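Take a look at the structure set out below.
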Amino acid sequence: MTLEIPHSDYYRFAQKFSVEDQAMLAQLRTFLNDRVAPRVNDLWAKEEFPYDLVQPLADMGLFGLPFKDSKHYHGDAFFRGWVSFEIAKVDASLATFLGVQAELSTGSIALCGSSEQVREWIPRLTDGSTIASCGITEPGSGSDTARGMQTTAKREGDSWVLNGQKRWIGNATWADICVIWARDVEDNQVKGFIVPTDTPGFTATKIVNKQSLRIVQNADIVLDNVRVSDDLKLANGNSFADLSRVLKGTRTQNGWFAAGVQAGAFELALDYAREREQFGKPIASYQMIQDLLVKSLGNLTASLSMMARLAELTNAGERVDEQAALAKAYTSSRARETVSWCRELFGGNGIDLGYGIARFFGDAEAVHTYEGTREMNTLIVGRDITGIGAFQ
């Protein structure tokens, strides 16, 4: 199966992949175009998730790509990132679901679990038989999670008791487990726990009326004396530094999401510009329309170039947190700008969900915010290049 190179891949990055990888990407693209694209606007309008697509995605091996313990492991970070890019190009919500399942939740266990926990949970999470969520953000703490986390964990004999609240937790309304990060009352350190969602005292309530990523099922979580056995505490998740190891990977993936959102918006705008006529000719023939398209393509290509280099550093084992932070801050800001230009090109039709561009316009707002706001990622990079911390 030949992988077509669209204008959104203007520097032809996908040509770098092997024939086998291009065939897999072509299969994924066909799946997205046939089974996701025709439904996505309706799902977005209704705030519904396409549960029937979860197992097909798992069967393609997408849940296991980042993990050496998975039979679907792929060692090339560039390929793994491009998979996220292809999905986000069609729907950022589905890409976010995959990020929560395969990066944030499974990644917490893969990086912070014991060898026994990895053997028990990774196969179930990567084959789609277990769906996961991950509870970090709280109603009163987002950017200040390191110091502001209020959810507590208290050791009682051979178990732990969790109390507190989490907010904006993706997949939580229907997940089988939720990896909860909580502050140990004894040593004040942030620690991780695998919590089955049917545990007494665990409640997840869907957040409604979102204007971004409406397909993702985000939830408010209440933990009321939730008791979990000691074998469900992540053996190597004992500090915020351990959680940060997980977030470094998810922040990188969100750079690919931001690039994908730009590509999806750009392709819609390009098609529309060729088809839409005003004053007797396609609007693509007007200089100002071409300017919008070329500026959008420049942002997208710069974002892909940054992510491609970051993937090379990841493959070499040389990526550092600050590089991932710069990528997230830059690409998500460019995504916001790009989708604005693309929506502008549609004129009044740009606010009609049926044209699709309004969905990308809305979804870019969440991509710009989650996994660290632009401001927080900017301060991470600023501290690195100046040697002076500006966090207050």
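Labeling convention for the structure tokens: chains A, B, ... as they appear, residues from 1 per chain, ligands from 1 in order of appearance.
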Enumerate, as a PDB file with N, CA and C atoms, in the first residue's frame, the complete set of residues in segment 82-223 of chain A that a backbone-based DSSP assignment places in strand (DSSP E or B).
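As written to disk, states02.pdb reads:
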```pdb
ATOM      1  N   ALA A 132      -7.679   2.826  30.400  1.00  0.00           N
ATOM      2  CA  ALA A 132      -7.114   3.530  31.544  1.00  0.00           C
ATOM      3  C   ALA A 132      -7.310   5.037  31.439  1.00  0.00           C
ATOM      4  N   SER A 133      -7.252   5.654  32.595  1.00  0.00           N
ATOM      5  CA  SER A 133      -7.216   7.110  32.707  1.00  0.00           C
ATOM      6  C   SER A 133      -6.124   7.452  33.712  1.00  0.00           C
ATOM      7  N   CYS A 134      -5.826   8.736  33.845  1.00  0.00           N
ATOM      8  CA  CYS A 134      -4.738   9.128  34.743  1.00  0.00           C
ATOM      9  C   CYS A 134      -5.103  10.418  35.447  1.00  0.00           C
ATOM     10  N   GLY A 135      -5.146  10.389  36.772  1.00  0.00           N
ATOM     11  CA  GLY A 135      -5.582  11.527  37.562  1.00  0.00           C
ATOM     12  C   GLY A 135      -4.429  12.319  38.140  1.00  0.00           C
ATOM     13  N   GLU A 138      -6.081  18.795  39.409  1.00  0.00           N
ATOM     14  CA  GLU A 138      -7.126  18.921  40.432  1.00  0.00           C
ATOM     15  C   GLU A 138      -7.891  20.230  40.235  1.00  0.00           C
ATOM     16  N   SER A 141      -5.483  22.892  41.401  1.00  0.00           N
ATOM     17  CA  SER A 141      -4.077  22.883  40.986  1.00  0.00           C
ATOM     18  C   SER A 141      -3.942  22.289  39.602  1.00  0.00           C
ATOM     19  N   THR A 152      -4.697  13.185  48.873  1.00  0.00           N
ATOM     20  CA  THR A 152      -3.791  12.566  49.838  1.00  0.00           C
ATOM     21  C   THR A 152      -3.835  11.048  49.773  1.00  0.00           C
ATOM     22  N   ALA A 153      -2.738  10.444  50.184  1.00  0.00           N
ATOM     23  CA  ALA A 153      -2.627   8.998  50.332  1.00  0.00           C
ATOM     24  C   ALA A 153      -2.089   8.703  51.725  1.00  0.00           C
ATOM     25  N   LYS A 154      -2.775   7.838  52.433  1.00  0.00           N
ATOM     26  CA  LYS A 154      -2.349   7.494  53.791  1.00  0.00           C
ATOM     27  C   LYS A 154      -2.189   5.988  53.910  1.00  0.00           C
ATOM     28  N   ARG A 155      -1.024   5.565  54.360  1.00  0.00           N
ATOM     29  CA  ARG A 155      -0.760   4.135  54.529  1.00  0.00           C
ATOM     30  C   ARG A 155      -1.476   3.627  55.774  1.00  0.00           C
ATOM     31  N   GLU A 156      -2.243   2.561  55.597  1.00  0.00           N
ATOM     32  CA  GLU A 156      -2.911   1.903  56.722  1.00  0.00           C
ATOM     33  C   GLU A 156      -2.698   0.407  56.586  1.00  0.00           C
ATOM     34  N   SER A 159      -2.504  -1.513  53.066  1.00  0.00           N
ATOM     35  CA  SER A 159      -3.266  -0.802  52.037  1.00  0.00           C
ATOM     36  C   SER A 159      -3.054   0.700  52.176  1.00  0.00           C
ATOM     37  N   TRP A 160      -3.602   1.418  51.186  1.00  0.00           N
ATOM     38  CA  TRP A 160      -3.524   2.872  51.167  1.00  0.00           C
ATOM     39  C   TRP A 160      -4.938   3.430  51.045  1.00  0.00           C
ATOM     40  N   VAL A 161      -5.177   4.565  51.710  1.00  0.00           N
ATOM     41  CA  VAL A 161      -6.475   5.228  51.634  1.00  0.00           C
ATOM     42  C   VAL A 161      -6.282   6.572  50.940  1.00  0.00           C
ATOM     43  N   LEU A 162      -7.036   6.770  49.855  1.00  0.00           N
ATOM     44  CA  LEU A 162      -6.917   7.975  49.033  1.00  0.00           C
ATOM     45  C   LEU A 162      -8.132   8.874  49.232  1.00  0.00           C
ATOM     46  N   ASN A 163      -7.874  10.168  49.358  1.00  0.00           N
ATOM     47  CA  ASN A 163      -8.945  11.149  49.483  1.00  0.00           C
ATOM     48  C   ASN A 163      -8.591  12.399  48.684  1.00  0.00           C
ATOM     49  N   GLY A 164      -9.605  12.944  47.996  1.00  0.00           N
ATOM     50  CA  GLY A 164      -9.369  14.168  47.253  1.00  0.00           C
ATOM     51  C   GLY A 164     -10.209  14.238  45.988  1.00  0.00           C
ATOM     52  N   GLN A 165      -9.851  15.164  45.115  1.00  0.00           N
ATOM     53  CA  GLN A 165     -10.579  15.378  43.867  1.00  0.00           C
ATOM     54  C   GLN A 165      -9.598  15.564  42.714  1.00  0.00           C
ATOM     55  N   LYS A 166     -10.017  15.125  41.545  1.00  0.00           N
ATOM     56  CA  LYS A 166      -9.271  15.343  40.312  1.00  0.00           C
ATOM     57  C   LYS A 166     -10.224  15.951  39.281  1.00  0.00           C
ATOM     58  N   ARG A 167      -9.656  16.680  38.326  1.00  0.00           N
ATOM     59  CA  ARG A 167     -10.499  17.346  37.314  1.00  0.00           C
ATOM     60  C   ARG A 167      -9.862  17.240  35.933  1.00  0.00           C
ATOM     61  N   TRP A 168     -10.713  17.232  34.922  1.00  0.00           N
ATOM     62  CA  TRP A 168     -10.302  17.147  33.513  1.00  0.00           C
ATOM     63  C   TRP A 168      -9.645  15.811  33.183  1.00  0.00           C
ATOM     64  N   ILE A 169     -10.107  14.754  33.801  1.00  0.00           N
ATOM     65  CA  ILE A 169      -9.447  13.465  33.625  1.00  0.00           C
ATOM     66  C   ILE A 169     -10.047  12.721  32.429  1.00  0.00           C
ATOM     67  N   GLY A 170      -9.289  12.646  31.353  1.00  0.00           N
ATOM     68  CA  GLY A 170      -9.740  11.997  30.133  1.00  0.00           C
ATOM     69  C   GLY A 170      -9.960  10.506  30.311  1.00  0.00           C
ATOM     70  N   ILE A 177      -9.449   1.349  34.909  1.00  0.00           N
ATOM     71  CA  ILE A 177      -8.550   1.770  35.985  1.00  0.00           C
ATOM     72  C   ILE A 177      -8.213   3.244  35.819  1.00  0.00           C
ATOM     73  N   CYS A 178      -7.801   3.851  36.912  1.00  0.00           N
ATOM     74  CA  CYS A 178      -7.317   5.229  36.862  1.00  0.00           C
ATOM     75  C   CYS A 178      -6.033   5.291  37.680  1.00  0.00           C
ATOM     76  N   VAL A 179      -4.957   5.739  37.049  1.00  0.00           N
ATOM     77  CA  VAL A 179      -3.705   5.925  37.780  1.00  0.00           C
ATOM     78  C   VAL A 179      -3.812   7.254  38.516  1.00  0.00           C
ATOM     79  N   ILE A 180      -3.902   7.178  39.823  1.00  0.00           N
ATOM     80  CA  ILE A 180      -4.071   8.370  40.654  1.00  0.00           C
ATOM     81  C   ILE A 180      -2.732   8.759  41.266  1.00  0.00           C
ATOM     82  N   TRP A 181      -2.387  10.036  41.112  1.00  0.00           N
ATOM     83  CA  TRP A 181      -1.203  10.576  41.762  1.00  0.00           C
ATOM     84  C   TRP A 181      -1.666  11.397  42.965  1.00  0.00           C
ATOM     85  N   ALA A 182      -1.113  11.071  44.133  1.00  0.00           N
ATOM     86  CA  ALA A 182      -1.558  11.677  45.392  1.00  0.00           C
ATOM     87  C   ALA A 182      -0.356  11.931  46.299  1.00  0.00           C
ATOM     88  N   ARG A 183      -0.551  12.845  47.227  1.00  0.00           N
ATOM     89  CA  ARG A 183       0.531  13.219  48.141  1.00  0.00           C
ATOM     90  C   ARG A 183       0.472  12.388  49.426  1.00  0.00           C
ATOM     91  N   ASP A 184       1.547  11.682  49.714  1.00  0.00           N
ATOM     92  CA  ASP A 184       1.645  10.858  50.913  1.00  0.00           C
ATOM     93  C   ASP A 184       1.685  11.772  52.146  1.00  0.00           C
ATOM     94  N   VAL A 190       4.745  13.014  46.248  1.00  0.00           N
ATOM     95  CA  VAL A 190       3.701  12.593  45.321  1.00  0.00           C
ATOM     96  C   VAL A 190       3.972  11.161  44.882  1.00  0.00           C
ATOM     97  N   LYS A 191       2.936  10.310  45.003  1.00  0.00           N
ATOM     98  CA  LYS A 191       3.087   8.895  44.677  1.00  0.00           C
ATOM     99  C   LYS A 191       1.942   8.427  43.787  1.00  0.00           C
ATOM    100  N   GLY A 192       2.201   7.346  43.053  1.00  0.00           N
ATOM    101  CA  GLY A 192       1.225   6.862  42.087  1.00  0.00           C
ATOM    102  C   GLY A 192       0.552   5.576  42.519  1.00  0.00           C
ATOM    103  N   PHE A 193      -0.743   5.435  42.159  1.00  0.00           N
ATOM    104  CA  PHE A 193      -1.534   4.267  42.543  1.00  0.00           C
ATOM    105  C   PHE A 193      -2.413   3.826  41.373  1.00  0.00           C
ATOM    106  N   ILE A 194      -2.523   2.528  41.183  1.00  0.00           N
ATOM    107  CA  ILE A 194      -3.436   1.966  40.192  1.00  0.00           C
ATOM    108  C   ILE A 194      -4.769   1.719  40.890  1.00  0.00           C
ATOM    109  N   VAL A 195      -5.802   2.450  40.495  1.00  0.00           N
ATOM    110  CA  VAL A 195      -7.090   2.373  41.181  1.00  0.00           C
ATOM    111  C   VAL A 195      -8.152   1.818  40.231  1.00  0.00           C
ATOM    112  N   PRO A 196      -8.641   0.607  40.470  1.00  0.00           N
ATOM    113  CA  PRO A 196      -9.794   0.130  39.676  1.00  0.00           C
ATOM    114  C   PRO A 196     -10.973   1.063  39.894  1.00  0.00           C
ATOM    115  N   PHE A 202     -14.844   5.680  44.730  1.00  0.00           N
ATOM    116  CA  PHE A 202     -14.369   6.310  43.495  1.00  0.00           C
ATOM    117  C   PHE A 202     -15.565   6.714  42.652  1.00  0.00           C
ATOM    118  N   THR A 203     -15.675   8.003  42.338  1.00  0.00           N
ATOM    119  CA  THR A 203     -16.789   8.513  41.528  1.00  0.00           C
ATOM    120  C   THR A 203     -16.237   9.393  40.414  1.00  0.00           C
ATOM    121  N   ALA A 204     -16.692   9.146  39.185  1.00  0.00           N
ATOM    122  CA  ALA A 204     -16.301   9.966  38.031  1.00  0.00           C
ATOM    123  C   ALA A 204     -17.552  10.537  37.388  1.00  0.00           C
ATOM    124  N   THR A 205     -17.620  11.851  37.260  1.00  0.00           N
ATOM    125  CA  THR A 205     -18.776  12.538  36.687  1.00  0.00           C
ATOM    126  C   THR A 205     -18.356  13.285  35.426  1.00  0.00           C
ATOM    127  N   LYS A 206     -19.025  13.032  34.326  1.00  0.00           N
ATOM    128  CA  LYS A 206     -18.660  13.627  33.047  1.00  0.00           C
ATOM    129  C   LYS A 206     -18.767  15.149  33.088  1.00  0.00           C
ATOM    130  N   ASN A 218     -14.074  13.668  29.426  1.00  0.00           N
ATOM    131  CA  ASN A 218     -13.384  14.153  30.626  1.00  0.00           C
ATOM    132  C   ASN A 218     -14.297  14.048  31.839  1.00  0.00           C
ATOM    133  N   ALA A 219     -13.695  13.903  33.004  1.00  0.00           N
ATOM    134  CA  ALA A 219     -14.498  13.732  34.215  1.00  0.00           C
ATOM    135  C   ALA A 219     -13.915  14.484  35.399  1.00  0.00           C
ATOM    136  N   ASP A 220     -14.815  14.854  36.300  1.00  0.00           N
ATOM    137  CA  ASP A 220     -14.440  15.227  37.663  1.00  0.00           C
ATOM    138  C   ASP A 220     -14.433  13.951  38.487  1.00  0.00           C
ATOM    139  N   ILE A 221     -13.372  13.734  39.234  1.00  0.00           N
ATOM    140  CA  ILE A 221     -13.250  12.531  40.066  1.00  0.00           C
ATOM    141  C   ILE A 221     -13.281  12.925  41.535  1.00  0.00           C
ATOM    142  N   VAL A 222     -14.033  12.164  42.316  1.00  0.00           N
ATOM    143  CA  VAL A 222     -14.027  12.294  43.770  1.00  0.00           C
ATOM    144  C   VAL A 222     -13.499  10.990  44.350  1.00  0.00           C
ATOM    145  N   LEU A 223     -12.540  11.107  45.250  1.00  0.00           N
ATOM    146  CA  LEU A 223     -11.970   9.954  45.960  1.00  0.00           C
ATOM    147  C   LEU A 223     -12.346  10.097  47.423  1.00  0.00           C
TER     148      LEU A 223
END
```
Can you write out as JSON lines which residues of segment 64-162 of chain A fall within 8 Å of segment 294-318 of chain A, alongside each residue's closest atom pair and its distance in Å to one decimal, counting only C-alpha atoms and ordering rows by chain and ascending residue number?
```
{"residue": "A:Gly75", "atom": "CA", "partner": "A:Asn315", "partner_atom": "CA", "distance": 7.7}
{"residue": "A:Asp76", "atom": "CA", "partner": "A:Asn315", "partner_atom": "CA", "distance": 6.4}
{"residue": "A:Ala77", "atom": "CA", "partner": "A:Ala311", "partner_atom": "CA", "distance": 5.2}
{"residue": "A:Phe78", "atom": "CA", "partner": "A:Ala311", "partner_atom": "CA", "distance": 4.9}
{"residue": "A:Gly81", "atom": "CA", "partner": "A:Ala311", "partner_atom": "CA", "distance": 7.7}
```
Using only C-alpha atoms, find each residue of segment 214-295 of chain A with at least one atom at most 6 Å away from an atom of segment 86-109 of chain A; report its shortest atom-to-atom pair and that distance in Å (one decimal), sort the rows by chain and rising residue number, and return the result as a Markdown table.
```
| residue | atom | partner | partner_atom | distance |
| --- | --- | --- | --- | --- |
| A:Ile215 | CA | A:Ser93 | CA | 5.6 |
| A:Val216 | CA | A:Ser93 | CA | 5.4 |
| A:Val246 | CA | A:Ser108 | CA | 5.9 |
| A:Thr250 | CA | A:Glu103 | CA | 6.0 |
| A:Phe257 | CA | A:Ala88 | CA | 5.4 |
| A:Gly260 | CA | A:Lys89 | CA | 4.2 |
| A:Val261 | CA | A:Lys89 | CA | 5.2 |
| A:Ala263 | CA | A:Lys89 | CA | 5.6 |
| A:Gly264 | CA | A:Lys89 | CA | 4.2 |
```
Practice task
Have a look at atom CA of Glu365 of chain A and atom CA of Gln290 of chain A and let me know their distance in Å, one decimal.
Solution key: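 Going from atom CA of Glu365 of chain A over to atom CA of Gln290 of chain A, I get 24.8 Å.
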Exercise for the section: Step one, run DSSP on the backbone; step two, keep only residues of segment 163-372 of chain A assigned to alpha helix (DSSP H); then write them as a VMD selection string. Expected result: chain A and resid 240 to 275 287 to 315 321 to 345 357 to 369
Convert the current residue selection to file output with C-alpha atoms, as an mmCIF file, in the first residue's frame.
```cif
data_model
loop_
_atom_site.group_PDB
_atom_site.id
_atom_site.type_symbol
_atom_site.label_atom_id
_atom_site.label_comp_id
_atom_site.auth_asym_id
_atom_site.auth_seq_id
_atom_site.Cartn_x
_atom_site.Cartn_y
_atom_site.Cartn_z
ATOM 1 C CA PHE A 240 7.058 14.356 41.575
ATOM 2 C CA ALA A 241 10.339 13.694 39.782
ATOM 3 C CA ASP A 242 9.022 10.235 38.919
ATOM 4 C CA LEU A 243 5.796 11.724 37.586
ATOM 5 C CA SER A 244 7.858 14.222 35.585
ATOM 6 C CA ARG A 245 9.499 11.330 33.719
ATOM 7 C CA VAL A 246 6.040 10.386 32.474
ATOM 8 C CA LEU A 247 5.105 13.952 31.570
ATOM 9 C CA LYS A 248 8.252 14.452 29.501
ATOM 10 C CA GLY A 249 7.002 11.847 27.031
ATOM 11 C CA THR A 250 3.420 13.089 26.942
ATOM 12 C CA ARG A 251 4.567 16.666 26.399
ATOM 13 C CA THR A 252 6.481 15.506 23.345
ATOM 14 C CA GLN A 253 3.450 13.700 21.946
ATOM 15 C CA ASN A 254 1.386 16.837 22.345
ATOM 16 C CA GLY A 255 3.755 18.604 19.994
ATOM 17 C CA TRP A 256 2.772 16.039 17.380
ATOM 18 C CA PHE A 257 -0.916 16.636 18.205
ATOM 19 C CA ALA A 258 -0.413 20.360 17.621
ATOM 20 C CA ALA A 259 1.197 19.671 14.257
ATOM 21 C CA GLY A 260 -1.658 17.337 13.340
ATOM 22 C CA VAL A 261 -4.308 19.926 14.177
ATOM 23 C CA GLN A 262 -2.525 22.373 11.890
ATOM 24 C CA ALA A 263 -2.335 19.814 9.077
ATOM 25 C CA GLY A 264 -6.022 18.957 9.361
ATOM 26 C CA ALA A 265 -7.048 22.610 9.307
ATOM 27 C CA PHE A 266 -4.679 23.390 6.437
ATOM 28 C CA GLU A 267 -5.947 20.535 4.265
ATOM 29 C CA LEU A 268 -9.557 21.589 4.821
ATOM 30 C CA ALA A 269 -8.702 25.195 3.979
ATOM 31 C CA LEU A 270 -6.762 24.232 0.850
ATOM 32 C CA ASP A 271 -9.609 22.096 -0.478
ATOM 33 C CA TYR A 272 -12.150 24.808 0.311
ATOM 34 C CA ALA A 273 -10.055 27.504 -1.395
ATOM 35 C CA ARG A 274 -9.924 25.463 -4.589
ATOM 36 C CA GLU A 275 -13.662 24.741 -4.616
ATOM 37 C CA GLN A 287 -3.449 36.820 -3.323
ATOM 38 C CA MET A 288 -4.759 37.262 0.227
ATOM 39 C CA ILE A 289 -6.111 33.698 0.290
ATOM 40 C CA GLN A 290 -2.788 32.312 -0.911
ATOM 41 C CA ASP A 291 -1.080 34.365 1.794
ATOM 42 C CA LEU A 292 -3.227 32.712 4.482
ATOM 43 C CA LEU A 293 -2.487 29.267 3.079
ATOM 44 C CA VAL A 294 1.257 29.806 2.808
ATOM 45 C CA LYS A 295 1.541 31.290 6.307
ATOM 46 C CA SER A 296 -0.357 28.274 7.654
ATOM 47 C CA LEU A 297 1.886 25.875 5.749
ATOM 48 C CA GLY A 298 4.953 27.669 7.111
ATOM 49 C CA ASN A 299 3.780 27.246 10.689
ATOM 50 C CA LEU A 300 2.965 23.592 10.080
ATOM 51 C CA THR A 301 6.264 22.818 8.379
ATOM 52 C CA ALA A 302 8.248 24.573 11.118
ATOM 53 C CA SER A 303 6.351 22.537 13.736
ATOM 54 C CA LEU A 304 7.014 19.262 11.923
ATOM 55 C CA SER A 305 10.682 20.166 11.547
ATOM 56 C CA MET A 306 10.991 20.795 15.269
ATOM 57 C CA MET A 307 9.213 17.540 16.123
ATOM 58 C CA ALA A 308 11.321 15.544 13.659
ATOM 59 C CA ARG A 309 14.533 16.817 15.269
ATOM 60 C CA LEU A 310 13.144 16.140 18.751
ATOM 61 C CA ALA A 311 12.417 12.561 17.636
ATOM 62 C CA GLU A 312 16.028 12.204 16.491
ATOM 63 C CA LEU A 313 17.213 13.349 19.917
ATOM 64 C CA THR A 314 14.802 10.912 21.568
ATOM 65 C CA ASN A 315 16.077 8.023 19.451
ATOM 66 C CA ASP A 321 12.901 18.022 29.437
ATOM 67 C CA GLU A 322 13.554 21.558 28.298
ATOM 68 C CA GLN A 323 13.604 20.545 24.628
ATOM 69 C CA ALA A 324 10.223 18.843 25.015
ATOM 70 C CA ALA A 325 8.902 21.947 26.795
ATOM 71 C CA LEU A 326 10.026 24.237 23.956
ATOM 72 C CA ALA A 327 8.398 21.952 21.384
ATOM 73 C CA LYS A 328 5.090 21.915 23.251
ATOM 74 C CA ALA A 329 5.087 25.701 23.760
ATOM 75 C CA TYR A 330 6.021 26.498 20.170
ATOM 76 C CA THR A 331 3.888 24.013 18.245
ATOM 77 C CA SER A 332 0.744 24.617 20.282
ATOM 78 C CA SER A 333 1.078 28.381 19.832
ATOM 79 C CA ARG A 334 1.539 27.913 16.093
ATOM 80 C CA ALA A 335 -1.503 25.633 16.054
ATOM 81 C CA ARG A 336 -3.629 28.358 17.574
ATOM 82 C CA GLU A 337 -2.397 30.809 14.947
ATOM 83 C CA THR A 338 -2.749 28.400 12.027
ATOM 84 C CA VAL A 339 -6.313 27.328 12.757
ATOM 85 C CA SER A 340 -7.282 30.985 13.115
ATOM 86 C CA TRP A 341 -5.960 31.774 9.650
ATOM 87 C CA CYS A 342 -7.638 28.691 8.185
ATOM 88 C CA ARG A 343 -10.972 29.553 9.809
ATOM 89 C CA GLU A 344 -10.644 33.084 8.462
ATOM 90 C CA LEU A 345 -10.294 31.702 4.941
ATOM 91 C CA ILE A 357 -12.863 23.900 10.420
ATOM 92 C CA ALA A 358 -14.751 25.124 13.517
ATOM 93 C CA ARG A 359 -13.908 21.842 15.243
ATOM 94 C CA PHE A 360 -10.182 22.331 14.667
ATOM 95 C CA PHE A 361 -10.512 25.940 15.816
ATOM 96 C CA GLY A 362 -12.069 24.773 19.095
ATOM 97 C CA ASP A 363 -9.784 21.782 19.638
ATOM 98 C CA ALA A 364 -6.637 23.868 19.244
ATOM 99 C CA GLU A 365 -7.531 25.642 22.494
ATOM 100 C CA ALA A 366 -7.225 22.473 24.558
ATOM 101 C CA VAL A 367 -4.049 21.392 22.775
ATOM 102 C CA HIS A 368 -2.615 24.808 23.594
ATOM 103 C CA THR A 369 -3.389 24.347 27.291
#
```
Problem - Top pick for closest residue to Ser114 of chain A, considering A:Arg383, A:Ala235, A:Lys71, A:Gln278 and counting only C-alpha atoms - result: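 Ranking A:Arg383, A:Ala235, A:Lys71, A:Gln278 by distance to Ser114 of chain A, first place goes to A:Ala235.
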Handout entry: 9 Å contact set for Asp127 of chain A, only C-alpha atoms, chain neighbours under 2 positions out, as a VMD selection string
Key = chain A and resid 55 58 to 59 61 63 to 64 70 122 to 125 129 to 130
